[in-house]
Amino acid sequence: MTLPLTPDELLSTTRAVRKRLDLTRPVPRALIEECVDLATQAPTGRNRQRWHFLVVTEPALRGAVADVYRRVVTTGGGQGPTERDMRRMYAHPGSMERISDGFRHLYENIDRVPAFVIPAVEGRTDGASALDQSMTWGSILPAVWSFMLAARARGLGTVWTTAQGPLERELAGVLGVPYDEVMLAAFLPLAFTVGTDFRPARRIPREEVLHWEGW
């Protein structure tokens with residue numbers, strides 16, 4: 001049985017889990033529902049509660065979603081890292097190699113992950129102002145992070161991916177989501193984890209990210 005985590009342990013060890021997802025053990029619906037209940041306690045702009053969580057566990061549908069995921073990975077998309085990004089990404093030797101290894105493992109085994117959770121939000125931000133984008137994303141991101149924390153507290157692992165992005169319209173069609181009204185915000189593989197020895201990540205120094213009284 002997993003021992004309860006302290007708040008600090010929960011916050012410092014909830015991270016991307018790819019290679020340590022248990023691909024053989026189904027995730028009970030009741031556990032996922034508990035995580036969603038906690039997720040919807042997160043802050044939401046103007047109390048509009050526009051969040052939605054699509055859960056996929058049925059094998060055939062999971063296979064169709066996994067196919068979209070794999071094609072997205074080969075499609076690519078998004079802006080490339082800057083020189084400063086690269087310095088931070090490789091600040092600790094071996095970190096990116098481990099991430100790449102985990103990424104490859106997930107790609108090869110995505111169809112075996114027992115559950116996919118795809119958070120969504122009513123309203124699209126295509127071409128929207130920074131204000132409208134922040135209001136929309138600010139109403140779904142805290143809820144998704146709360147879901148991921150709740151999952152970690154229950155022995156489950158997740159990883160935030162943007163695999164819904166490049167083929168979002170197609171994925172919406174597979175899941176019956178009204179694309180013009182609802183935006184798929186992320187793609188989270190979900191499974192029990194293998195092992196319990198999760199440790200805080202190695203990050204760049206606080207001094208590089210903390211700013212007092214201005215930039």
# chains A, B, ... in the order shown; residues from 1 in each chain; ligands from 1
call {"tool": "residues_around", "arguments": {"residues": "range 43-52 of chain A", "least_positions_apart": "2", "cutoff": "6 Å", "atoms": "only C-alpha atoms", "output": "count of residues only"}}
result
6
call {"tool": "residues_around", "arguments": {"residues": "range 66-78 of chain A", "least_positions_apart": "5", "cutoff": "12 Å", "atoms": "only C-alpha atoms", "output": "compact mmCIF listing (two decimals) with N, CA and C atoms, in the first residue's frame"}}
result
# COMPACT_ATOMS: atom_id res chain seq x y z
N VAL A 56 -10.99 7.95 -22.01
CA VAL A 56 -11.06 6.88 -23.01
C VAL A 56 -10.40 5.63 -22.44
N THR A 57 -11.19 4.58 -22.27
CA THR A 57 -10.66 3.30 -21.78
C THR A 57 -11.06 2.13 -22.69
N GLU A 58 -12.09 2.29 -23.48
CA GLU A 58 -12.59 1.21 -24.33
C GLU A 58 -11.52 0.89 -25.38
N PRO A 59 -11.14 -0.39 -25.53
CA PRO A 59 -9.99 -0.76 -26.35
C PRO A 59 -10.02 -0.24 -27.79
N ALA A 60 -11.12 -0.39 -28.48
CA ALA A 60 -11.16 0.03 -29.88
C ALA A 60 -11.00 1.54 -30.01
N LEU A 61 -11.70 2.29 -29.16
CA LEU A 61 -11.59 3.75 -29.20
C LEU A 61 -10.20 4.19 -28.77
N PHE A 103 10.08 9.41 -23.89
CA PHE A 103 9.23 9.80 -25.01
C PHE A 103 9.11 8.66 -26.02
N ARG A 104 10.24 8.05 -26.34
CA ARG A 104 10.26 6.94 -27.30
C ARG A 104 9.45 5.75 -26.76
N HIS A 105 9.62 5.48 -25.47
CA HIS A 105 8.89 4.36 -24.85
C HIS A 105 7.38 4.59 -24.92
N LEU A 106 6.95 5.82 -24.63
CA LEU A 106 5.53 6.11 -24.67
C LEU A 106 4.99 6.00 -26.09
N TYR A 107 5.74 6.50 -27.05
CA TYR A 107 5.32 6.41 -28.46
C TYR A 107 5.12 4.95 -28.86
N GLU A 108 6.05 4.10 -28.47
CA GLU A 108 5.98 2.69 -28.87
C GLU A 108 4.86 1.93 -28.16
N ASN A 109 4.45 2.41 -26.99
CA ASN A 109 3.48 1.66 -26.18
C ASN A 109 2.18 2.42 -25.92
N ILE A 110 1.94 3.51 -26.65
CA ILE A 110 0.79 4.35 -26.34
C ILE A 110 -0.53 3.59 -26.41
N ASP A 111 -0.63 2.61 -27.31
CA ASP A 111 -1.87 1.85 -27.44
C ASP A 111 -2.12 0.94 -26.24
N ARG A 112 -1.10 0.72 -25.41
CA ARG A 112 -1.23 -0.16 -24.25
C ARG A 112 -1.57 0.60 -22.96
N VAL A 113 -1.51 1.92 -23.00
CA VAL A 113 -1.85 2.71 -21.82
C VAL A 113 -3.32 2.49 -21.51
N PRO A 114 -3.67 2.15 -20.26
CA PRO A 114 -5.06 1.75 -19.95
C PRO A 114 -6.09 2.86 -20.04
N ALA A 115 -5.67 4.12 -19.91
CA ALA A 115 -6.66 5.21 -19.95
C ALA A 115 -6.02 6.47 -20.51
N PHE A 116 -6.81 7.18 -21.30
CA PHE A 116 -6.43 8.51 -21.75
C PHE A 116 -7.41 9.51 -21.15
N ILE A 118 -8.46 13.47 -21.64
CA ILE A 118 -8.29 14.61 -22.54
C ILE A 118 -9.12 15.77 -21.98
N THR A 161 0.85 16.09 -22.27
CA THR A 161 1.35 16.16 -23.64
C THR A 161 0.44 17.09 -24.44
N THR A 162 0.96 17.60 -25.55
CA THR A 162 0.17 18.43 -26.45
C THR A 162 -0.15 17.66 -27.73
N ALA A 163 -0.28 16.35 -27.60
CA ALA A 163 -0.51 15.49 -28.76
C ALA A 163 -1.86 15.75 -29.42
N GLN A 164 -2.75 16.47 -28.73
CA GLN A 164 -4.03 16.80 -29.34
C GLN A 164 -3.90 17.95 -30.34
N GLY A 165 -2.79 18.72 -30.26
CA GLY A 165 -2.69 19.97 -30.97
C GLY A 165 -2.72 19.91 -32.49
N PRO A 166 -1.69 19.34 -33.15
CA PRO A 166 -1.64 19.39 -34.61
C PRO A 166 -2.83 18.73 -35.31
N LEU A 167 -3.41 17.70 -34.70
CA LEU A 167 -4.56 17.02 -35.30
C LEU A 167 -5.78 17.13 -34.40
N GLU A 168 -5.93 18.30 -33.77
CA GLU A 168 -7.03 18.48 -32.82
C GLU A 168 -8.40 18.25 -33.45
N ARG A 169 -8.61 18.80 -34.64
CA ARG A 169 -9.91 18.63 -35.28
C ARG A 169 -10.23 17.16 -35.54
N GLU A 170 -9.23 16.41 -35.98
CA GLU A 170 -9.44 14.99 -36.23
C GLU A 170 -9.73 14.24 -34.94
N LEU A 171 -8.96 14.54 -33.89
CA LEU A 171 -9.21 13.89 -32.61
C LEU A 171 -10.59 14.25 -32.07
N ALA A 172 -10.98 15.50 -32.23
CA ALA A 172 -12.32 15.91 -31.81
C ALA A 172 -13.38 15.09 -32.55
N GLY A 173 -13.14 14.83 -33.83
CA GLY A 173 -14.09 14.03 -34.59
C GLY A 173 -14.17 12.60 -34.09
N VAL A 174 -13.04 12.03 -33.75
CA VAL A 174 -13.01 10.66 -33.21
C VAL A 174 -13.82 10.57 -31.92
N LEU A 175 -13.75 11.64 -31.12
CA LEU A 175 -14.40 11.63 -29.80
C LEU A 175 -15.77 12.29 -29.80
N ALA A 186 -5.27 19.32 -23.75
CA ALA A 186 -4.09 18.49 -23.50
C ALA A 186 -4.45 17.04 -23.76
N PHE A 187 -3.45 16.18 -23.64
CA PHE A 187 -3.64 14.74 -23.82
C PHE A 187 -2.84 14.06 -22.72
N LEU A 188 -3.53 13.43 -21.77
CA LEU A 188 -2.87 12.83 -20.61
C LEU A 188 -3.00 11.31 -20.62
N PRO A 189 -1.94 10.56 -20.87
CA PRO A 189 -1.96 9.14 -20.58
C PRO A 189 -2.08 8.95 -19.07
call {"tool": "closest_residue", "arguments": {"among": "A:Thr6, A:Thr13, A:Ser95, A:Gln79", "to": "Ile204 in chain A", "atoms": "only C-alpha atoms"}}
result
A:Ser95
call {"tool": "select_by_dssp", "arguments": {"residues": "range 1-214 of chain A", "states": "helix (DSSP H, G or I)", "output": "ChimeraX atom specification"}}
result
/A:7-13,29-39,45-47,59-75,83-89,95-112,130-137,141-153,168-175,206-208
call {"tool": "closest_residue", "arguments": {"among": "A:Glu208, A:Gly157, A:Phe192, A:Ala201", "to": "Pro26 in chain A", "atoms": "only C-alpha atoms"}}
result
A:Phe192
call {"tool": "select_by_dssp", "arguments": {"residues": "range 1-214 of chain A", "states": "strand (DSSP E or B)", "output": "short mmCIF file (atom, residue, chain, number, x, y, z; two decimals) with C-alpha atoms, in the first residue's frame"}}
result
data_model
loop_
_atom_site.label_atom_id
_atom_site.label_comp_id
_atom_site.auth_asym_id
_atom_site.auth_seq_id
_atom_site.Cartn_x
_atom_site.Cartn_y
_atom_site.Cartn_z
CA ALA A 16 5.86 13.46 -16.35
CA LEU A 21 3.32 3.58 -16.38
CA TRP A 51 -14.04 22.54 -18.12
CA HIS A 52 -14.65 19.02 -19.45
CA PHE A 53 -12.70 15.76 -19.07
CA LEU A 54 -12.96 13.08 -21.74
CA VAL A 55 -11.85 9.65 -20.52
CA VAL A 56 -11.06 6.88 -23.01
CA ALA A 115 -6.66 5.21 -19.95
CA PHE A 116 -6.43 8.51 -21.75
CA VAL A 117 -7.73 11.70 -20.18
CA ILE A 118 -8.29 14.61 -22.54
CA PRO A 119 -9.19 17.84 -20.74
CA ALA A 120 -11.20 20.33 -22.77
CA VAL A 121 -12.62 23.81 -22.32
CA GLU A 122 -15.61 25.54 -23.88
CA LEU A 156 -1.41 6.97 -10.63
CA GLY A 157 0.99 8.51 -13.11
CA THR A 158 0.30 11.09 -15.81
CA THR A 161 1.35 16.16 -23.64
CA VAL A 182 -14.79 23.24 -27.50
CA MET A 183 -10.99 23.26 -27.41
CA LEU A 184 -9.02 20.14 -26.50
CA PHE A 187 -3.64 14.74 -23.82
CA LEU A 188 -2.87 12.83 -20.61
CA PRO A 189 -1.96 9.14 -20.58
CA LEU A 190 -3.05 7.71 -17.21
CA ALA A 191 -2.00 4.51 -15.44
CA PHE A 192 -0.83 3.15 -12.13
CA THR A 193 2.88 3.70 -11.66
#
call {"tool": "residues_around", "arguments": {"residues": "Leu31 in chain A", "least_positions_apart": "5", "cutoff": "10 Å", "atoms": "only C-alpha atoms", "output": "ChimeraX atom specification"}}
result
/A:36-37,150-151,154,156
call {"tool": "closest_residue", "arguments": {"among": "A:Gly80, A:Pro93, A:Gly63, A:Pro28", "to": "Arg203 in chain A", "atoms": "only C-alpha atoms"}}
result
A:Pro93
